[in-house]
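**Q** My structure is in structure38.cif, and what it holds is mmCIF, C-alpha atoms and all ligand atoms:
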```
data_input
loop_
_atom_site.label_atom_id
_atom_site.label_comp_id
_atom_site.auth_asym_id
_atom_site.auth_seq_id
_atom_site.Cartn_x
_atom_site.Cartn_y
_atom_site.Cartn_z
CA MET I 229 -48.14 -4.91 -41.85
CA LEU I 230 -44.67 -4.68 -43.37
CA PHE I 231 -42.29 -7.50 -42.70
CA GLY I 232 -38.64 -8.03 -43.53
CA PRO I 233 -35.08 -7.96 -42.24
CA PRO I 234 -33.43 -4.81 -40.86
CA GLY I 235 -32.57 -2.65 -43.86
CA ALA I 236 -35.30 -4.08 -46.08
CA GLY I 237 -36.84 -0.63 -46.51
CA LYS I 238 -39.83 -1.14 -44.22
CA GLY I 239 -39.46 2.28 -42.58
CA THR I 240 -39.31 4.13 -45.90
CA GLN I 241 -42.24 2.23 -47.35
CA ALA I 242 -44.27 2.57 -44.15
CA ASP I 243 -43.80 6.37 -44.22
CA ARG I 244 -44.96 6.52 -47.83
CA PHE I 245 -47.96 4.30 -47.21
CA ALA I 246 -49.02 6.29 -44.15
CA ALA I 247 -48.76 9.59 -46.02
CA ARG I 248 -50.59 8.33 -49.08
CA HIS I 249 -53.47 6.77 -47.17
CA GLY I 250 -53.68 9.18 -44.24
CA VAL I 251 -53.22 6.44 -41.67
CA PRO I 252 -50.77 6.36 -38.77
CA LYS I 253 -47.45 4.60 -39.13
CA ILE I 254 -46.85 2.44 -36.12
CA SER I 255 -43.17 1.62 -35.91
CA THR I 256 -42.18 -0.28 -32.79
CA GLY I 257 -38.52 0.66 -33.31
CA ASP I 258 -39.45 4.38 -33.44
CA MET I 259 -41.69 4.01 -30.36
CA LEU I 260 -38.92 2.33 -28.38
CA ARG I 261 -36.23 4.78 -29.49
CA LYS I 262 -38.50 7.68 -28.50
CA ALA I 263 -39.10 6.11 -25.08
CA VAL I 264 -35.33 5.81 -24.56
CA HIS I 265 -34.79 9.38 -25.73
CA ASP I 266 -37.56 10.72 -23.46
CA GLY I 267 -36.24 8.72 -20.51
CA THR I 268 -39.61 7.12 -19.72
CA GLU I 269 -39.94 3.99 -17.62
CA LEU I 270 -40.38 1.94 -20.81
CA GLY I 271 -37.25 3.57 -22.19
CA ARG I 272 -35.22 2.60 -19.15
CA LEU I 273 -36.48 -0.97 -19.43
CA VAL I 274 -35.53 -1.42 -23.09
CA LYS I 275 -32.43 0.77 -23.53
CA ASP I 276 -29.88 -1.95 -22.99
CA ARG I 277 -31.55 -4.45 -25.32
CA LEU I 278 -31.96 -1.84 -28.05
CA GLU I 279 -28.29 -0.94 -27.90
CA ARG I 280 -27.28 -4.60 -28.14
CA GLY I 281 -29.66 -5.36 -31.01
CA ALA I 282 -31.55 -7.87 -28.83
CA LEU I 283 -35.31 -8.27 -28.88
CA VAL I 284 -37.48 -6.64 -26.25
CA SER I 285 -39.67 -9.19 -24.45
CA ASP I 286 -42.86 -10.40 -26.12
CA ASP I 287 -44.96 -9.38 -23.10
CA LEU I 288 -43.80 -5.80 -23.26
CA MET I 289 -44.10 -5.56 -27.05
CA ILE I 290 -47.55 -7.10 -27.17
CA ARG I 291 -48.77 -4.71 -24.50
CA LEU I 292 -47.22 -1.74 -26.29
CA VAL I 293 -48.76 -2.60 -29.66
CA SER I 294 -52.21 -3.50 -28.35
CA GLU I 295 -52.36 -0.21 -26.45
CA ARG I 296 -51.28 1.72 -29.53
CA LEU I 297 -53.81 -0.07 -31.76
CA GLY I 298 -56.50 0.78 -29.24
CA GLU I 299 -56.09 4.48 -29.98
CA PRO I 300 -58.78 6.13 -32.11
CA ASP I 301 -56.49 7.27 -34.95
CA THR I 302 -56.10 3.61 -35.97
CA THR I 303 -59.84 3.04 -36.52
CA HIS I 304 -59.62 3.48 -40.31
CA GLY I 305 -56.37 1.63 -40.71
CA PHE I 306 -52.70 1.82 -39.92
CA VAL I 307 -49.37 0.60 -41.18
CA LEU I 308 -47.35 -1.54 -38.85
CA ASP I 309 -43.54 -1.68 -39.09
CA GLY I 310 -41.33 -3.81 -36.84
CA PHE I 311 -44.00 -5.99 -35.29
CA PRO I 312 -44.45 -8.95 -35.09
CA ARG I 313 -40.89 -10.19 -34.76
CA THR I 314 -41.60 -13.53 -33.08
CA ILE I 315 -44.19 -16.27 -33.53
CA GLU I 316 -45.75 -15.32 -30.21
CA GLN I 317 -46.11 -11.72 -31.32
CA ALA I 318 -47.59 -12.88 -34.65
CA ALA I 319 -50.21 -14.97 -32.90
CA SER I 320 -51.13 -12.06 -30.64
CA LEU I 321 -51.46 -9.70 -33.60
CA GLU I 322 -54.20 -11.87 -35.06
CA THR I 323 -56.06 -11.54 -31.76
CA ILE I 324 -55.45 -7.80 -31.51
CA VAL I 325 -56.73 -7.00 -35.02
CA GLY I 326 -59.38 -9.73 -35.12
CA GLY I 327 -62.63 -8.41 -36.58
CA ARG I 328 -61.09 -5.15 -37.75
CA GLY I 329 -60.97 -5.77 -41.48
CA PRO I 330 -58.26 -7.54 -43.44
CA LEU I 331 -54.73 -7.71 -42.11
CA VAL I 332 -52.52 -7.42 -45.19
CA VAL I 333 -49.05 -8.85 -44.66
CA VAL I 334 -46.36 -7.70 -47.08
CA ALA I 335 -42.85 -9.11 -46.76
CA LEU I 336 -39.88 -7.42 -48.38
CA VAL I 337 -37.15 -9.86 -49.33
CA VAL I 338 -33.68 -8.40 -49.77
CA HIS I 339 -30.27 -10.01 -50.41
CA ALA I 340 -28.09 -10.25 -47.31
CA ASP I 341 -25.23 -8.21 -48.81
CA GLU I 342 -27.64 -5.44 -49.83
CA VAL I 343 -29.00 -5.34 -46.26
CA VAL I 344 -25.51 -4.89 -44.83
CA ARG I 345 -24.70 -2.21 -47.40
CA ARG I 346 -27.87 -0.24 -46.59
CA LEU I 347 -27.49 -0.48 -42.82
CA SER I 348 -23.85 0.52 -42.80
CA THR I 349 -24.63 3.72 -44.72
CA ARG I 350 -27.67 4.64 -42.58
CA GLY I 351 -25.75 5.74 -39.51
CA ARG I 352 -28.34 5.12 -36.79
CA HIS I 353 -27.12 4.72 -33.22
CA ASP I 354 -27.62 0.93 -33.30
CA ASP I 355 -26.08 0.58 -36.75
CA GLU I 356 -22.54 -0.15 -35.59
CA GLU I 357 -21.19 -3.23 -37.31
CA TRP I 358 -21.37 -5.61 -34.33
CA VAL I 359 -24.95 -4.54 -33.55
CA ILE I 360 -25.98 -4.97 -37.19
CA ARG I 361 -24.51 -8.46 -37.12
CA GLU I 362 -26.46 -9.23 -33.94
CA ARG I 363 -29.75 -7.86 -35.36
CA LEU I 364 -29.35 -9.96 -38.50
CA GLN I 365 -28.70 -13.04 -36.37
CA VAL I 366 -31.80 -12.30 -34.27
CA TYR I 367 -33.74 -11.85 -37.51
CA SER I 368 -32.80 -15.27 -38.86
CA ASP I 369 -33.25 -17.03 -35.49
CA SER I 370 -36.47 -15.47 -34.21
CA THR I 371 -38.12 -13.38 -36.90
CA GLU I 372 -37.72 -15.31 -40.15
CA PRO I 373 -39.93 -18.14 -38.78
CA VAL I 374 -42.76 -15.57 -38.68
CA LEU I 375 -42.60 -15.51 -42.49
CA GLU I 376 -43.32 -19.26 -42.56
CA TYR I 377 -46.09 -18.74 -40.02
CA PHE I 378 -47.94 -16.32 -42.32
CA ARG I 379 -47.09 -18.40 -45.40
CA ARG I 380 -48.83 -21.40 -43.90
CA ARG I 381 -51.92 -19.24 -43.48
CA LYS I 382 -51.53 -18.15 -47.13
CA ALA I 383 -51.96 -14.62 -45.84
CA ILE I 384 -48.84 -12.98 -47.16
CA THR I 385 -47.48 -11.22 -50.23
CA VAL I 386 -43.75 -11.55 -50.72
CA LEU I 387 -42.12 -8.73 -52.71
CA ASP I 388 -38.63 -8.22 -54.09
CA GLY I 389 -37.21 -5.42 -51.96
CA ASN I 390 -33.96 -5.15 -53.93
CA ARG I 391 -35.70 -2.99 -56.51
CA PRO I 392 -35.76 0.84 -56.47
CA PRO I 393 -38.01 2.32 -53.74
CA ASP I 394 -40.69 3.61 -56.18
CA GLU I 395 -41.15 0.16 -57.70
CA VAL I 396 -41.50 -1.36 -54.25
CA THR I 397 -44.09 1.31 -53.35
CA ASP I 398 -46.14 0.45 -56.46
CA ALA I 399 -45.95 -3.25 -55.69
CA ILE I 400 -47.14 -2.65 -52.11
CA GLU I 401 -50.06 -0.55 -53.33
CA ALA I 402 -51.07 -3.29 -55.76
CA ALA I 403 -50.80 -5.99 -53.10
CA VAL I 404 -52.93 -4.04 -50.63
CA ALA I 405 -55.55 -3.16 -53.25
CA HIS I 406 -55.76 -6.79 -54.26
CA ALA I 407 -56.07 -8.07 -50.67
CA VAL I 408 -58.65 -5.46 -49.71
CA GLY I 409 -60.67 -6.18 -52.86
CA ARG I 410 -60.61 -9.88 -52.13
CA ALA I 411 -61.72 -9.31 -48.55
CA SER I 412 -64.66 -7.12 -49.54
CA ASN I 413 -65.84 -9.65 -52.14
CA SER I 414 -65.99 -12.48 -49.64
P1 LIG R 1 -34.58 -2.27 -37.97
O1 LIG R 1 -34.71 -0.99 -38.75
O2 LIG R 1 -33.19 -2.71 -37.79
O3 LIG R 1 -35.53 -3.32 -38.43
P2 LIG R 1 -36.28 -1.37 -35.76
O4 LIG R 1 -36.21 0.10 -35.76
O5 LIG R 1 -37.51 -2.00 -36.29
O6 LIG R 1 -34.96 -1.95 -36.46
O7 LIG R 1 -36.05 -1.93 -34.26
C1 LIG R 1 -34.92 -1.53 -33.51
C2 LIG R 1 -34.81 -2.35 -32.23
O8 LIG R 1 -36.02 -2.23 -31.45
C3 LIG R 1 -34.65 -3.85 -32.44
O9 LIG R 1 -33.31 -4.19 -32.66
C4 LIG R 1 -35.18 -4.39 -31.11
O10 LIG R 1 -34.23 -4.23 -30.09
C5 LIG R 1 -36.35 -3.45 -30.80
N1 LIG R 1 -37.66 -3.92 -31.32
C6 LIG R 1 -38.41 -3.29 -32.26
N2 LIG R 1 -39.55 -3.96 -32.52
C7 LIG R 1 -39.53 -5.06 -31.73
C8 LIG R 1 -40.39 -6.16 -31.54
N3 LIG R 1 -41.55 -6.28 -32.24
N4 LIG R 1 -40.04 -7.12 -30.65
C9 LIG R 1 -38.90 -7.03 -29.95
N5 LIG R 1 -38.02 -6.01 -30.08
C10 LIG R 1 -38.32 -5.03 -30.95
#
```
Represent the structure from my file as C-alpha cells, please.
**A**
Amino acid sequence: MLFGPPGAGKGTQADRFAARHGVPKISTGDMLRKAVHDGTELGRLVKDRLERGALVSDDLMIRLVSERLGEPDTTHGFVLDGFPRTIEQAASLETIVGGRGPLVVVALVVHADEVVRRLSTRGRHDDEEWVIRERLQVYSDSTEPVLEYFRRRKAITVLDGNRPPDEVTDAIEAAVAHAVGRASNS
C-alpha cells in the first residue's frame, strides 16, 4: 500500500511496482475517474465530490475496495494507491486483507511546496488551483492521521519522496523485500 499526499508520486511508483511484480495496481482515484467517465451509477454518485476535491464516503470506498480485492487477479498480491484515506478506511483494510500475507505500508513524504509544484504541472481535470488547495486541506485533516495510525502499529516505512523517481523506486523495493522477508521468518 502506497501512502502520501496528492502529488507524492504514488501513481508513478504504483505503476512501476505493478509492472515489475506482475500484480494489479489498484488506484481508487483511477477507479472513480473511470466510473465518472463511463457514466456508471457509481460515477454519478461520486462526480461532484471528485470535482470538488472532497472525499467519497467511507461506506462506498470500503465496498469498492473490498469488491476489487475479492477478484482473483489479486490473489498473489497487488499494489494499492489512494486507499485508505481515513482512519475508518484504514481499520477496514486490515479486516479486508487479514490472513492474506503481509500488508506493507510505504509512505512517501514530500515537501508541501514540491507537492504544489508537481500538481500544478500535471494538468489533470481536478488539478485546478482551488481544487488542489482543497485536496491538500482534506489530506491534512482526514488522511494524515492515518499515518499516525500505522505508525502506532509500527507497520510502516516512511520514505523521502522528494528524491528522483528511480531512487524512490529502489527504496520501495528494498522496503517491501525487507518486510516480506521479516514476515516469512516469523
Ligand atoms: P491524488 O492523485 O490527488 O492523490 P487520487 O487520484 O488518489 O488523487 O484521488 C482523486 C479523488 O478521488 C480524491 O480527491 C477523492 O475525491 C477521491 N478518492 C480517491 N480515493 C479515495 C478514498 N480512499 N476515499 C475517499 N475518496 C477518495
**Q** Given a cut-off of 7 Å, what residues near ligand LIG 1 (chain R) show up using all atoms listed in the file, put as an mmCIF file with C-alpha atoms, in the coordinates of the input?
**A**
```
data_model
loop_
_atom_site.group_PDB
_atom_site.id
_atom_site.type_symbol
_atom_site.label_atom_id
_atom_site.label_comp_id
_atom_site.auth_asym_id
_atom_site.auth_seq_id
_atom_site.Cartn_x
_atom_site.Cartn_y
_atom_site.Cartn_z
ATOM 1 C CA PRO I 233 -35.080 -7.960 -42.240
ATOM 2 C CA PRO I 234 -33.430 -4.810 -40.860
ATOM 3 C CA GLY I 235 -32.570 -2.650 -43.860
ATOM 4 C CA GLY I 239 -39.460 2.280 -42.580
ATOM 5 C CA SER I 255 -43.170 1.620 -35.910
ATOM 6 C CA THR I 256 -42.180 -0.280 -32.790
ATOM 7 C CA GLY I 257 -38.520 0.660 -33.310
ATOM 8 C CA ASP I 258 -39.450 4.380 -33.440
ATOM 9 C CA LEU I 260 -38.920 2.330 -28.380
ATOM 10 C CA ARG I 277 -31.550 -4.450 -25.320
ATOM 11 C CA LEU I 278 -31.960 -1.840 -28.050
ATOM 12 C CA GLY I 281 -29.660 -5.360 -31.010
ATOM 13 C CA ALA I 282 -31.550 -7.870 -28.830
ATOM 14 C CA LEU I 283 -35.310 -8.270 -28.880
ATOM 15 C CA VAL I 284 -37.480 -6.640 -26.250
ATOM 16 C CA SER I 285 -39.670 -9.190 -24.450
ATOM 17 C CA ASP I 286 -42.860 -10.400 -26.120
ATOM 18 C CA MET I 289 -44.100 -5.560 -27.050
ATOM 19 C CA ASP I 309 -43.540 -1.680 -39.090
ATOM 20 C CA GLY I 310 -41.330 -3.810 -36.840
ATOM 21 C CA PHE I 311 -44.000 -5.990 -35.290
ATOM 22 C CA PRO I 312 -44.450 -8.950 -35.090
ATOM 23 C CA ARG I 313 -40.890 -10.190 -34.760
ATOM 24 C CA ARG I 363 -29.750 -7.860 -35.360
#
```
**Q** Show which residues sit within 10 Å of I:Ser412, as a VMD selection string. Count only C-alpha atoms, and ignore same-chain residues fewer than 4 positions away.
**A** chain I and resid 329 to 330 407 to 408
**Q** Would you mind reading off the distance between atom CA of I:Thr268 and atom CA of I:His353, one decimal, in Å?
**A**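 Calculated distance between atom CA of I:Thr268 and atom CA of I:His353 is 18.5 Å.
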**Q** Using only C-alpha atoms, which residue out of I:Lys262, I:Pro392, I:Gly326, I:Gly305 lies closest to I:Val274?
**A**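 Nearest to I:Val274: I:Lys262.
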**Q** Please identify all polymer residues within 9 Å of stretch 393-402 of chain I, counting all atoms listed in the file, omitting same-chain residues fewer than 6 positions from it, and present them as a PDB file with C-alpha atoms, keeping the file's coordinate frame.
**A**
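Everything below was put into around.pdb:
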```
ATOM      1  CA  GLY I 237     -36.840  -0.630 -46.510  1.00  0.00           C
ATOM      2  CA  THR I 240     -39.310   4.130 -45.900  1.00  0.00           C
ATOM      3  CA  GLN I 241     -42.240   2.230 -47.350  1.00  0.00           C
ATOM      4  CA  ARG I 244     -44.960   6.520 -47.830  1.00  0.00           C
ATOM      5  CA  PHE I 245     -47.960   4.300 -47.210  1.00  0.00           C
ATOM      6  CA  VAL I 334     -46.360  -7.700 -47.080  1.00  0.00           C
ATOM      7  CA  LEU I 336     -39.880  -7.420 -48.380  1.00  0.00           C
ATOM      8  CA  THR I 385     -47.480 -11.220 -50.230  1.00  0.00           C
ATOM      9  CA  LEU I 387     -42.120  -8.730 -52.710  1.00  0.00           C
TER      10      LEU I 387
END
```
**Q** In Å to one decimal, how far is atom CA of I:Lys253 from atom CA of I:Ala318?
**A**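 Rounded to one decimal, the two atoms are 18.0 Å apart.
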**Q** At what distance in Å, to one decimal, does atom CA of I:Phe378 lie from atom CA of I:Val343?
**A**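 Rounded to one decimal, the two atoms are 22.2 Å apart.
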**Q** So, with all atoms listed in the file as the atoms that count, which of I:Ala247, I:Ala383, I:Leu270, I:Met229 lies closest to I:Leu321?
**A**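 Smallest distance to I:Leu321 is found for I:Met229.
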**Q** Could you give me, as a list in words, the residues within 7 Å of stretch 296-301 of chain I, counting only C-alpha atoms and dropping anything in the same chain fewer than 3 positions from it?
**A**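 With the cut-off at 7 Å, the set is Pro252, Leu292 and Val293 of chain I.
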**Q** If we count all atoms listed in the file, what is near I:Val338 at a cut-off of 8 Å, once residues fewer than 5 positions away on the same chain are taken out, given as a PyMOL selection string?
**A** chain I and resi 232-233+236+343+388-390
**Q** I:Arg381: which residues within 12 Å, counting only C-alpha atoms, same-chain residues fewer than 3 positions away excluded, as an NGL selection string?
**A** :I and (318-319 or 322 or 331-333 or 374-378 or 384-385)
**Q** Store the residues of this selection in a file with C-alpha atoms, as a PDB file, keeping the file's coordinate frame.
**A**
```pdb
ATOM      1  CA  ALA I 318     -47.590 -12.880 -34.650  1.00  0.00           C
ATOM      2  CA  ALA I 319     -50.210 -14.970 -32.900  1.00  0.00           C
ATOM      3  CA  GLU I 322     -54.200 -11.870 -35.060  1.00  0.00           C
ATOM      4  CA  LEU I 331     -54.730  -7.710 -42.110  1.00  0.00           C
ATOM      5  CA  VAL I 332     -52.520  -7.420 -45.190  1.00  0.00           C
ATOM      6  CA  VAL I 333     -49.050  -8.850 -44.660  1.00  0.00           C
ATOM      7  CA  VAL I 374     -42.760 -15.570 -38.680  1.00  0.00           C
ATOM      8  CA  LEU I 375     -42.600 -15.510 -42.490  1.00  0.00           C
ATOM      9  CA  GLU I 376     -43.320 -19.260 -42.560  1.00  0.00           C
ATOM     10  CA  TYR I 377     -46.090 -18.740 -40.020  1.00  0.00           C
ATOM     11  CA  PHE I 378     -47.940 -16.320 -42.320  1.00  0.00           C
ATOM     12  CA  ILE I 384     -48.840 -12.980 -47.160  1.00  0.00           C
ATOM     13  CA  THR I 385     -47.480 -11.220 -50.230  1.00  0.00           C
TER      14      THR I 385
END
```
**Q** Counting only C-alpha atoms, which residue out of I:Arg280, I:Val264, I:Glu316, I:Leu230 sits closest to I:Glu356?
**A**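 The answer is I:Arg280, which sits nearest to I:Glu356.
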**Q** Measuring between only C-alpha atoms, which one of I:Leu347, I:Val325, I:Leu364, I:Ala411 shows the shortest distance to I:Leu308?
**A**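 Ranked by minimum distance to I:Leu308, first place goes to I:Val325.
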**Q** From the list I:Thr314, I:Thr302, I:Ser294, I:Ser320, which residue is nearest I:Glu372 when using all atoms listed in the file?
**A** I:Thr314
